[in-house]
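Text of the file query.cif, holding mmCIF, C-alpha atoms and all ligand atoms:
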data_final
loop_
_atom_site.label_atom_id
_atom_site.label_comp_id
_atom_site.auth_asym_id
_atom_site.auth_seq_id
_atom_site.Cartn_x
_atom_site.Cartn_y
_atom_site.Cartn_z
CA MET A 9 241.46 61.20 63.41
CA THR A 10 240.70 62.97 66.69
CA VAL A 11 241.56 61.41 70.05
CA ILE A 12 240.06 62.22 73.43
CA THR A 13 242.69 61.55 76.06
CA GLY A 14 242.93 61.67 79.83
CA ALA A 15 239.24 61.10 80.52
CA GLU A 16 237.18 58.23 81.85
CA ILE A 17 235.10 56.80 79.01
CA PHE A 18 231.76 55.06 79.53
CA VAL A 19 232.22 51.70 77.78
CA ASP A 20 230.50 48.37 78.36
CA GLY A 21 228.45 49.75 81.21
CA GLU A 22 231.22 51.40 83.22
CA LEU A 23 233.74 54.24 83.31
CA ARG A 24 237.22 53.23 82.16
CA LYS A 25 240.40 55.21 81.82
CA LEU A 26 240.80 54.83 78.06
CA ASP A 27 241.28 57.01 74.99
CA VAL A 28 238.72 57.13 72.22
CA ALA A 29 239.66 57.87 68.61
CA PHE A 30 237.11 58.92 66.03
CA ASP A 31 236.36 60.56 62.74
CA GLU A 32 232.66 60.49 61.92
CA LYS A 33 232.53 57.10 63.57
CA ILE A 34 234.16 55.77 66.70
CA ARG A 35 237.25 53.96 65.38
CA THR A 36 239.34 52.79 68.32
CA ILE A 37 239.02 52.57 72.08
CA GLY A 38 242.22 51.82 73.98
CA ARG A 39 245.36 53.12 75.63
CA ASN A 40 247.81 55.69 74.23
CA LEU A 41 246.00 56.13 70.94
CA GLU A 42 247.53 58.17 68.13
CA GLY A 43 245.72 60.88 66.18
CA GLU A 44 246.45 64.17 64.43
CA GLU A 45 244.22 66.02 66.85
CA ARG A 46 244.27 65.38 70.59
CA LEU A 47 241.69 66.71 73.01
CA ASP A 48 242.89 66.57 76.59
CA CYS A 49 239.84 65.87 78.75
CA SER A 50 241.61 65.01 81.99
CA GLY A 51 239.35 64.92 84.98
CA LYS A 52 236.21 64.59 82.82
CA ILE A 53 233.99 61.70 81.88
CA VAL A 54 232.85 60.89 78.36
CA LEU A 55 229.37 59.54 77.64
CA PRO A 56 227.44 58.82 74.45
CA GLY A 57 225.62 61.96 73.22
CA VAL A 58 222.12 62.29 74.65
CA ILE A 59 219.21 61.42 72.35
CA ASP A 60 216.01 63.34 73.03
CA VAL A 61 213.17 61.57 71.23
CA HIS A 62 210.58 64.26 71.98
CA VAL A 63 211.09 67.91 71.07
CA HIS A 64 208.89 70.54 69.43
CA VAL A 65 211.10 72.65 67.18
CA ARG A 66 208.36 75.06 65.89
CA ASP A 67 210.16 75.99 62.68
CA PHE A 68 207.74 77.18 59.91
CA GLU A 69 205.15 79.67 61.15
CA GLN A 70 205.96 79.47 64.86
CA SER A 71 209.68 80.01 64.49
CA TYR A 72 209.38 83.01 66.83
CA LYS A 73 209.11 80.40 69.62
CA GLU A 74 212.03 78.26 68.35
CA ASP A 75 213.69 77.32 65.10
CA TRP A 76 216.26 74.75 64.12
CA ALA A 77 219.18 77.10 64.77
CA SER A 78 218.12 77.99 68.31
CA LEU A 79 216.99 74.46 69.10
CA GLY A 80 220.35 73.17 67.91
CA ARG A 81 222.26 75.57 70.15
CA ALA A 82 220.08 74.73 73.13
CA ALA A 83 220.50 71.00 72.57
CA LEU A 84 224.29 71.16 72.15
CA SER A 85 224.76 73.38 75.18
CA GLY A 86 223.09 70.71 77.30
CA GLY A 87 224.81 67.68 75.81
CA VAL A 88 221.97 66.57 73.53
CA THR A 89 223.36 65.52 70.14
CA THR A 90 220.25 63.99 68.59
CA VAL A 91 216.60 65.01 68.60
CA PHE A 92 213.35 63.70 67.20
CA ALA A 93 211.08 66.56 66.13
CA MET A 94 207.33 66.34 66.68
CA PRO A 95 205.02 67.02 63.74
CA ASN A 96 202.53 69.46 65.32
CA THR A 97 204.21 72.38 63.60
CA GLN A 98 202.22 75.04 61.83
CA PRO A 99 201.58 73.78 59.19
CA PRO A 100 202.05 70.16 60.36
CA LEU A 101 204.52 67.59 59.02
CA ASP A 102 201.83 65.67 57.16
CA SER A 103 203.23 65.48 53.62
CA VAL A 104 206.43 64.50 51.85
CA ALA A 105 207.03 68.11 50.75
CA ARG A 106 206.71 69.45 54.31
CA VAL A 107 208.94 66.80 55.80
CA ARG A 108 211.55 67.45 53.11
CA ASP A 109 211.39 71.18 53.83
CA TYR A 110 211.73 70.52 57.57
CA ARG A 111 214.76 68.31 57.10
CA ARG A 112 216.35 70.96 54.90
CA ARG A 113 215.79 73.57 57.63
CA ALA A 114 217.25 71.22 60.23
CA GLN A 115 220.59 71.35 58.44
CA VAL A 116 221.32 74.80 59.94
CA SER A 117 221.62 73.07 63.30
CA SER A 118 224.66 70.97 64.07
CA ILE A 119 222.74 68.15 65.72
CA ASN A 120 221.32 64.92 64.34
CA ALA A 121 217.71 65.61 63.41
CA TYR A 122 215.02 62.96 63.08
CA VAL A 123 211.39 63.62 62.28
CA TYR A 124 207.96 62.22 63.19
CA GLY A 125 205.29 62.25 60.51
CA ALA A 126 201.84 63.56 61.42
CA ILE A 127 198.76 61.41 60.97
CA THR A 128 195.61 63.21 59.87
CA ARG A 129 192.24 62.20 58.44
CA GLU A 130 193.44 63.50 55.10
CA ASN A 131 196.81 61.75 54.83
CA LEU A 132 195.80 58.52 56.56
CA ARG A 133 195.44 56.52 53.38
CA SER A 134 198.71 57.73 51.91
CA LEU A 135 200.94 57.08 54.91
CA ASP A 136 202.84 54.50 52.90
CA GLU A 137 204.05 57.36 50.68
CA LEU A 138 205.10 59.44 53.69
CA ALA A 139 206.71 56.52 55.53
CA PRO A 140 210.06 56.45 53.68
CA HIS A 141 210.52 60.14 54.48
CA VAL A 142 209.93 60.02 58.25
CA ASP A 143 211.64 58.23 61.12
CA ALA A 144 208.45 57.37 63.02
CA PHE A 145 204.81 58.44 63.17
CA LYS A 146 202.96 60.39 65.85
CA LEU A 147 199.29 60.08 66.72
CA TYR A 148 197.48 62.54 68.98
CA LEU A 149 194.48 61.21 70.89
CA GLY A 150 194.29 64.14 73.32
CA GLU A 151 193.80 67.85 72.68
CA THR A 152 197.01 69.90 72.77
CA THR A 153 199.01 72.48 70.74
CA GLY A 154 198.14 72.07 67.03
CA GLN A 155 195.10 70.51 65.39
CA LEU A 156 196.12 66.91 65.02
CA VAL A 157 193.72 65.17 67.41
CA ILE A 158 191.84 62.18 66.09
CA SER A 159 189.11 60.91 68.39
CA ASP A 160 187.17 58.52 66.13
CA LYS A 161 187.74 54.99 67.47
CA LYS A 162 187.18 53.34 64.11
CA LEU A 163 189.90 55.52 62.67
CA HIS A 164 192.24 54.54 65.50
CA ARG A 165 192.01 50.92 64.40
CA GLU A 166 192.66 51.85 60.81
CA ILE A 167 195.65 53.97 61.82
CA PHE A 168 197.21 51.19 63.88
CA LYS A 169 196.76 48.79 60.97
CA ILE A 170 198.25 51.15 58.39
CA VAL A 171 201.21 52.31 60.51
CA THR A 172 202.04 48.73 61.47
CA GLU A 173 202.33 47.91 57.76
CA THR A 174 204.95 50.68 57.38
CA GLU A 175 207.04 48.99 60.12
CA LYS A 176 207.66 52.39 61.75
CA VAL A 177 207.35 53.09 65.45
CA LEU A 178 204.02 54.69 66.28
CA ALA A 179 204.37 57.28 69.04
CA VAL A 180 201.05 58.04 70.70
CA HIS A 181 199.92 60.92 72.86
CA ALA A 182 197.39 58.77 74.68
CA GLN A 183 196.28 61.09 77.47
CA ARG A 184 192.99 62.94 77.03
CA GLY A 185 192.80 66.73 77.37
CA GLY A 186 190.69 68.73 79.83
CA ASP A 187 190.66 69.25 83.57
CA PRO A 188 194.19 68.44 84.86
CA ASP A 189 193.13 66.24 87.74
CA GLU A 190 190.86 64.25 85.47
CA VAL A 191 193.58 63.77 82.87
CA THR A 192 195.86 62.38 85.56
CA ARG A 193 193.12 60.13 86.95
CA TYR A 194 192.31 58.67 83.53
CA GLU A 195 195.85 58.31 82.18
CA HIS A 196 195.86 54.64 83.09
CA ASP A 197 192.60 53.96 81.20
CA ASP A 198 193.69 55.96 78.17
CA ILE A 199 196.98 54.11 77.99
CA CYS A 200 195.32 50.71 78.37
CA TYR A 201 193.07 51.59 75.44
CA VAL A 202 196.15 52.14 73.27
CA LEU A 203 197.95 49.06 74.58
CA ASP A 204 194.96 46.98 73.47
CA LEU A 205 195.20 48.45 69.97
CA ALA A 206 198.93 47.69 69.83
CA ALA A 207 198.22 44.12 70.92
CA ALA A 208 195.52 43.71 68.29
CA PHE A 209 197.68 44.96 65.40
CA ASP A 210 201.15 44.00 66.63
CA THR A 211 202.27 47.62 66.41
CA LYS A 212 205.65 49.01 67.53
CA LEU A 213 204.15 51.40 70.05
CA HIS A 214 205.90 54.23 71.87
CA LEU A 215 203.89 55.99 74.59
CA VAL A 216 204.96 59.57 75.10
CA HIS A 217 205.08 61.57 78.33
CA VAL A 218 203.78 59.03 80.85
CA THR A 219 203.16 60.60 84.25
CA THR A 220 201.50 58.20 86.68
CA ARG A 221 202.34 55.09 88.63
CA ARG A 222 199.26 53.20 87.47
CA ALA A 223 200.06 53.86 83.81
CA VAL A 224 203.67 52.71 84.21
CA GLU A 225 202.53 49.56 85.97
CA ALA A 226 200.07 48.81 83.16
CA ILE A 227 202.81 49.21 80.55
CA VAL A 228 205.20 46.99 82.49
CA GLU A 229 202.46 44.33 82.63
CA ALA A 230 201.78 44.70 78.91
CA LYS A 231 205.44 44.03 78.13
CA LYS A 232 205.14 40.69 79.89
CA SER A 233 202.43 39.69 77.41
CA LYS A 234 204.83 40.49 74.59
CA ILE A 235 203.27 43.74 73.43
CA ASP A 236 205.97 45.66 71.55
CA VAL A 237 205.78 48.82 73.62
CA SER A 238 208.23 51.41 74.92
CA PHE A 239 207.50 54.56 76.85
CA GLU A 240 209.06 57.77 78.05
CA THR A 241 208.63 60.06 80.98
CA CYS A 242 209.89 63.65 81.04
CA PRO A 243 212.08 65.64 83.45
CA HIS A 244 209.22 67.88 84.56
CA TYR A 245 207.33 64.85 85.90
CA LEU A 246 210.45 63.90 87.87
CA PHE A 247 210.93 67.35 89.38
CA PHE A 248 207.46 68.90 89.80
CA THR A 249 203.95 67.95 90.90
CA ALA A 250 200.40 69.31 90.67
CA GLN A 251 201.16 71.17 93.88
CA ASP A 252 203.89 73.15 92.08
CA ARG A 253 201.42 73.94 89.33
CA GLU A 254 199.06 75.41 91.92
CA GLU A 255 201.86 77.77 92.92
CA ARG A 256 203.40 78.59 89.55
CA GLY A 257 200.36 78.46 87.28
CA ALA A 258 200.91 78.69 83.51
CA TRP A 259 204.71 78.26 83.86
CA LEU A 260 204.01 74.67 84.78
CA LYS A 261 201.09 74.12 82.43
CA MET A 262 201.65 71.23 80.04
CA ASN A 263 199.87 68.23 78.53
CA PRO A 264 199.58 65.83 80.21
CA PRO A 265 199.59 67.83 83.44
CA LEU A 266 201.85 67.31 86.44
CA ALA A 267 200.70 64.42 88.63
CA THR A 268 200.94 63.71 92.36
CA GLU A 269 203.92 63.54 94.70
CA GLU A 270 203.33 59.79 94.96
CA ASP A 271 203.57 59.48 91.18
CA ARG A 272 206.72 61.58 91.10
CA GLU A 273 208.42 59.45 93.75
CA PHE A 274 207.34 56.32 91.93
CA LEU A 275 208.87 57.57 88.66
CA TRP A 276 212.27 58.00 90.38
CA TRP A 277 211.99 54.56 91.87
CA ALA A 278 210.99 53.04 88.52
CA LEU A 279 213.90 54.85 86.86
CA GLY A 280 216.30 53.31 89.34
CA GLU A 281 214.80 49.86 88.80
CA GLY A 282 215.19 50.05 85.03
CA LEU A 283 211.44 50.05 84.42
CA ILE A 284 211.45 53.29 82.44
CA ASP A 285 212.65 52.94 78.86
CA ILE A 286 213.39 56.52 77.93
CA VAL A 287 213.57 59.97 79.47
CA ALA A 288 212.72 62.60 76.84
CA THR A 289 212.03 66.26 77.38
CA ASP A 290 208.81 67.08 75.47
CA HIS A 291 210.65 70.37 74.93
CA ALA A 292 207.64 72.57 74.09
CA PRO A 293 208.77 76.19 73.88
CA HIS A 294 206.27 79.06 74.18
CA THR A 295 207.42 82.63 74.71
CA ILE A 296 207.43 84.52 78.01
CA GLU A 297 204.63 86.76 76.67
CA GLU A 298 202.51 83.75 75.73
CA LYS A 299 203.02 82.16 79.13
CA SER A 300 202.23 85.41 80.99
CA VAL A 301 198.50 85.56 80.29
CA GLY A 302 197.21 83.36 83.12
CA TYR A 303 196.70 79.61 83.41
CA GLU A 304 193.53 79.27 81.35
CA ARG A 305 194.69 81.24 78.33
CA ALA A 306 198.36 80.29 78.23
CA PRO A 307 199.49 77.53 75.83
CA ALA A 308 200.54 74.18 77.31
CA GLY A 309 204.17 73.16 77.29
CA VAL A 310 207.53 73.82 78.93
CA PRO A 311 211.01 73.92 77.40
CA GLY A 312 213.60 71.41 78.60
CA VAL A 313 216.06 70.13 76.00
CA GLU A 314 219.10 72.04 77.30
CA PHE A 315 218.73 70.97 80.90
CA LEU A 316 217.85 67.29 80.66
CA PRO A 317 221.46 66.05 80.90
CA PRO A 318 222.53 68.38 83.77
CA LEU A 319 219.36 67.57 85.71
CA LEU A 320 220.23 63.90 85.50
CA PHE A 321 223.98 64.39 86.08
CA ASP A 322 223.00 66.15 89.29
CA ALA A 323 220.77 63.21 90.19
CA VAL A 324 223.73 60.89 89.63
CA ASN A 325 225.87 63.03 91.92
CA ALA A 326 223.10 62.98 94.52
CA GLY A 327 222.97 59.18 94.35
CA ARG A 328 219.40 59.10 93.00
CA ILE A 329 220.30 57.12 89.87
CA SER A 330 223.41 55.42 88.56
CA LEU A 331 225.38 56.68 85.60
CA ALA A 332 224.65 53.39 83.85
CA ARG A 333 220.93 54.02 84.19
CA LEU A 334 221.29 57.54 82.85
CA VAL A 335 223.07 56.26 79.75
CA GLU A 336 220.43 53.60 79.31
CA VAL A 337 217.41 55.93 79.36
CA CYS A 338 219.02 58.88 77.54
CA CYS A 339 221.26 57.15 74.99
CA ARG A 340 221.10 53.38 74.61
CA ASN A 341 217.39 52.72 74.79
CA PRO A 342 216.33 55.61 72.51
CA ALA A 343 218.91 54.49 69.90
CA LYS A 344 217.80 50.88 70.11
CA ARG A 345 214.10 51.63 69.95
CA PHE A 346 214.38 53.90 66.93
CA GLY A 347 217.14 51.90 65.22
CA LEU A 348 219.97 54.48 65.27
CA PRO A 349 223.68 53.54 64.98
CA LYS A 350 224.38 55.51 68.17
CA GLY A 351 223.74 55.53 71.88
CA GLU A 352 226.89 53.77 73.04
CA ILE A 353 230.63 54.33 72.91
CA ALA A 354 231.53 51.36 70.74
CA ILE A 355 233.64 50.88 67.64
CA GLY A 356 231.77 51.56 64.41
CA LEU A 357 228.98 53.63 65.94
CA ASP A 358 228.49 57.33 65.19
CA ALA A 359 230.93 59.56 67.08
CA ASP A 360 228.30 61.39 69.14
CA LEU A 361 229.79 62.13 72.55
CA VAL A 362 229.35 64.39 75.52
CA VAL A 363 232.27 65.29 77.76
CA VAL A 364 231.06 66.01 81.28
CA ASP A 365 232.58 67.73 84.25
CA LEU A 366 230.73 65.97 87.04
CA ASP A 367 232.09 68.44 89.61
CA SER A 368 231.14 71.69 87.94
CA LYS A 369 228.33 73.47 89.75
CA LYS A 370 226.09 76.09 88.14
CA THR A 371 222.76 77.74 88.80
CA ILE A 372 220.28 77.87 85.93
CA THR A 373 219.49 81.47 85.09
CA ARG A 374 217.14 82.99 82.54
CA GLU A 375 220.08 84.80 80.91
CA ALA A 376 221.82 81.51 80.18
CA VAL A 377 218.83 79.95 78.40
CA GLN A 378 219.66 79.15 74.77
CA SER A 379 216.14 78.26 73.62
CA LYS A 380 214.47 81.13 71.78
CA CYS A 381 211.55 81.00 74.22
CA GLY A 382 213.90 82.65 76.73
CA TRP A 383 212.91 80.97 79.98
CA SER A 384 213.09 77.66 81.81
CA PRO A 385 210.96 75.99 84.47
CA TYR A 386 214.26 75.02 86.13
CA GLU A 387 215.50 78.59 86.69
CA GLY A 388 217.06 78.96 90.13
CA MET A 389 218.08 75.32 90.44
CA THR A 390 221.74 74.71 91.24
CA LEU A 391 223.05 71.57 89.58
CA ARG A 392 226.33 69.72 89.85
CA GLY A 393 227.48 68.04 86.63
CA TRP A 394 227.58 69.98 83.34
CA PRO A 395 228.68 69.17 79.81
CA VAL A 396 231.86 70.93 78.70
CA MET A 397 232.19 69.59 75.17
CA VAL A 398 230.05 67.71 72.69
CA VAL A 399 230.96 65.75 69.59
CA VAL A 400 228.43 65.25 66.80
CA ARG A 401 229.44 62.73 64.15
CA GLY A 402 233.08 63.57 64.77
CA LYS A 403 232.80 67.34 64.86
CA TRP A 404 233.49 68.77 68.27
CA TYR A 405 232.04 71.83 69.96
CA TYR A 406 233.73 73.52 72.87
CA PRO A 407 231.91 75.19 74.44
CA LEU A 408 229.67 75.98 71.48
CA THR A 409 232.15 76.87 68.78
CA PRO A 410 232.75 74.25 66.10
CA GLY A 411 236.17 72.66 66.06
CA PRO A 412 237.82 71.46 62.85
CA SER A 413 235.78 68.92 60.91
CA PRO A 414 237.08 65.39 60.67
CA SER A 415 238.78 64.98 57.31
O1 LIG B 1 202.34 70.51 76.83
C1 LIG B 1 202.44 70.14 75.68
N1 LIG B 1 202.87 70.97 74.72
N2 LIG B 1 202.08 68.90 75.38
C2 LIG B 1 201.97 68.49 74.09
O2 LIG B 1 201.62 67.37 73.86
C3 LIG B 1 202.27 69.42 72.99
C4 LIG B 1 203.17 70.47 73.43
C5 LIG B 1 203.28 71.62 72.46
O3 LIG B 1 203.45 71.37 71.26
O4 LIG B 1 203.24 72.77 72.89
ZN ZN B 2 205.07 66.88 72.96
#
Using the file provided, produce a representation of the structure as structure tokens.
Ligand code: DOR
Ligand code: ZN
Amino acid sequence: MTVITGAEIFVDGELRKLDVAFDEKIRTIGRNLEGEERLDCSGKIVLPGVIDVHVHVRDFEQSYKEDWASLGRAALSGGVTTVFAMPNTQPPLDSVARVRDYRRRAQVSSINAYVYGAITRENLRSLDELAPHVDAFKLYLGETTGQLVISDKKLHREIFKIVTETEKVLAVHAQRGGDPDEVTRYEHDDICYVLDLAAAFDTKLHLVHVTTRRAVEAIVEAKKSKIDVSFETCPHYLFFTAQDREERGAWLKMNPPLATEEDREFLWWALGEGLIDIVATDHAPHTIEEKSVGYERAPAGVPGVEFLPPLLFDAVNAGRISLARLVEVCCRNPAKRFGLPKGEIAIGLDADLVVVDLDSKKTITREAVQSKCGWSPYEGMTLRGWPVMVVVRGKWYYPLTPGPSPS
């Protein structure tokens, strides 16, 4: 058994000066706990490991952008212990064999890896075979990286019906592609279209990367009428706007595009009010070379997995959100929505933890980036609050070197 001592542990919604003892699971929380291995974390706080439900890992043919090993290092260095990988790989995660292969590759990383299954015209009628092998499904309604868009409305109905029968969460990229300002303007309509489908089929719907006030308000309304919907926003929508895109071009090109300053402010407000279910990164790595060819030709997407926790720790320090809210949107809610035995520091749950020095201050530099893509849209930002150690199912990493495994 390993014991973390001296720290303040986030339990039952607040920080408490307690020890936590664990092997693969959290076994005891209390004072003066015994254990063969003791990790002195005085002066630090301990939170549940962060769960990022939206990352693009790229392993297979685009592993030059990222692979499971580099993604794993990036995630751990930021305090992310669990990721959900999107299926728009090349080739996509649309069959049992591919998903199996992807999970096998994920084992080189030290993080918890979950996988979305792709929905295509070809595999649509055999999703029940794929379902036991994936953790959720992903449907693309808007053009983006990969070739997974389905725009036929009759097929949408069929997909909602079939996925609902599998009882899996259906994550939907609801925003159309095209001119950035138009995509932002129509996000509300596109999301309402999907909410209606979820209502009609009683689907467990998860809306990815929501960017605008009107869309959030529509989802909040939909919840009142008992539609089973959750949604995420992403750090780039909290930190940048269309104005920044004007200045920085392709480096801030992503789908859906950055919205207005009013939307950005609203997202922070909604986060504080508990209206946002999940913050996920949509970590979408493309190389520096690929991003250097001008706005029109560059691929859409920005990396983010390694800086999500520090960006939000800094926001906690700045008084923008509470620690409790951070844990809710990065740990508890993602675990609850996707049914994982994680997301809280509680006895019996997986020992996924992040030890944080809330006072440590560092500037994000390109040299420090762990993602294979080798850059970050947050370069130059100075943040206060960084992870110093992570624990993944009992195995601890400090700073990135594995400690002894729990026996
Ligand atoms: O900007 C994006 N990039 N949005 C997406 O939906 C996909 C992603 C990617 O895979 O590059
Ligand atoms: Zn994405």
Wanna dump the chain A-ligand ZN 2 (chain B) contacts at 12 Å for me, each residue with its shortest atom pair and the distance in Å to one decimal, counting only C-alpha atoms and all ligand atoms, ordered by chain and number, as CSV?
residue,atom,partner,partner_atom,distance
A:Asp60,CA,B:ZN2,ZN,11.5
A:Val61,CA,B:ZN2,ZN,9.8
A:His62,CA,B:ZN2,ZN,6.2
A:Val63,CA,B:ZN2,ZN,6.4
A:His64,CA,B:ZN2,ZN,6.4
A:Val65,CA,B:ZN2,ZN,10.2
A:Arg66,CA,B:ZN2,ZN,11.3
A:Phe92,CA,B:ZN2,ZN,10.6
A:Ala93,CA,B:ZN2,ZN,9.1
A:Met94,CA,B:ZN2,ZN,6.7
A:Pro95,CA,B:ZN2,ZN,9.2
A:Asn96,CA,B:ZN2,ZN,8.5
A:Thr97,CA,B:ZN2,ZN,10.9
A:Tyr124,CA,B:ZN2,ZN,11.2
A:Lys146,CA,B:ZN2,ZN,9.9
A:Leu147,CA,B:ZN2,ZN,10.9
A:Tyr148,CA,B:ZN2,ZN,9.6
A:Gly150,CA,B:ZN2,ZN,11.1
A:Glu151,CA,B:ZN2,ZN,11.3
A:Thr152,CA,B:ZN2,ZN,8.6
A:Thr153,CA,B:ZN2,ZN,8.5
A:Gly154,CA,B:ZN2,ZN,10.5
A:Leu156,CA,B:ZN2,ZN,12.0
A:Ala179,CA,B:ZN2,ZN,10.4
A:Val180,CA,B:ZN2,ZN,10.0
A:His181,CA,B:ZN2,ZN,7.9
A:Ala182,CA,B:ZN2,ZN,11.3
A:Gln183,CA,B:ZN2,ZN,11.5
A:Leu215,CA,B:ZN2,ZN,11.1
A:Val216,CA,B:ZN2,ZN,7.6
A:His217,CA,B:ZN2,ZN,7.6
A:Val218,CA,B:ZN2,ZN,11.2
A:Glu240,CA,B:ZN2,ZN,11.2
A:Thr241,CA,B:ZN2,ZN,11.1
A:Cys242,CA,B:ZN2,ZN,9.9
A:Met262,CA,B:ZN2,ZN,9.0
A:Asn263,CA,B:ZN2,ZN,7.7
A:Pro264,CA,B:ZN2,ZN,9.2
A:Pro265,CA,B:ZN2,ZN,11.9
A:Ala288,CA,B:ZN2,ZN,9.6
A:Thr289,CA,B:ZN2,ZN,8.3
A:Asp290,CA,B:ZN2,ZN,4.5
A:His291,CA,B:ZN2,ZN,6.9
A:Ala292,CA,B:ZN2,ZN,6.3
A:Pro293,CA,B:ZN2,ZN,10.1
A:Ala308,CA,B:ZN2,ZN,9.6
A:Gly309,CA,B:ZN2,ZN,7.7
A:Val310,CA,B:ZN2,ZN,9.5
A:Pro311,CA,B:ZN2,ZN,10.2
A:Gly312,CA,B:ZN2,ZN,11.2
A:Val313,CA,B:ZN2,ZN,11.9
Can you pull out every residue within 8 Å of Phe168 of chain A, counting all atoms listed in the file, but drop anything in the same chain fewer than 6 positions away, and send it as a list of chain:residue names?
->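 Once the nearby chain positions are removed, what remains is A:Leu205, A:Ala206, A:Phe209, A:Thr211.
The list of residues with at least one atom within 6 Å of segment 276-286 of chain A, based on all atoms listed in the file and without residues fewer than 4 positions apart in the same chain, reads Phe239, Glu240, Ile329 and Val337 of chain A.
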Can you tell me how far atom CA of Tyr72 of chain A sits from atom CA of Leu316 of chain A, in Å to one decimal?
->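 Straight-line distance from atom CA of Tyr72 of chain A to atom CA of Leu316 of chain A works out to 22.6 Å.
Using all atoms listed in the file, the nearest neighbour of Val11 of chain A within the list A:Val301, A:Val116, A:Cys49, A:Ala83 is A:Cys49.
If you count only C-alpha atoms and ignore residues fewer than 5 places along the chain from Thr268 of chain A, what sits within 8 Å of it is Thr220, Thr249, Ala250 and Gln251 of chain A.
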Selected residues, C-alpha atoms, written as a JSON list (two decimals), in the frame of the given file, please.
[["chain", "number", "residue", "atom", "x", "y", "z"],
["A", 220, "THR", "CA", 201.50, 58.20, 86.68],
["A", 249, "THR", "CA", 203.95, 67.95, 90.90],
["A", 250, "ALA", "CA", 200.40, 69.31, 90.67],
["A", 251, "GLN", "CA", 201.16, 71.17, 93.88]]
One decimal place gives the atom CA of Val362 of chain A-atom CA of Met9 of chain A separation as 17.4 Å
Near-Thr295 of chain A list (8 Å; all atoms listed in the file; drop same-chain fewer than 6 positions) as a count of residues only = 5
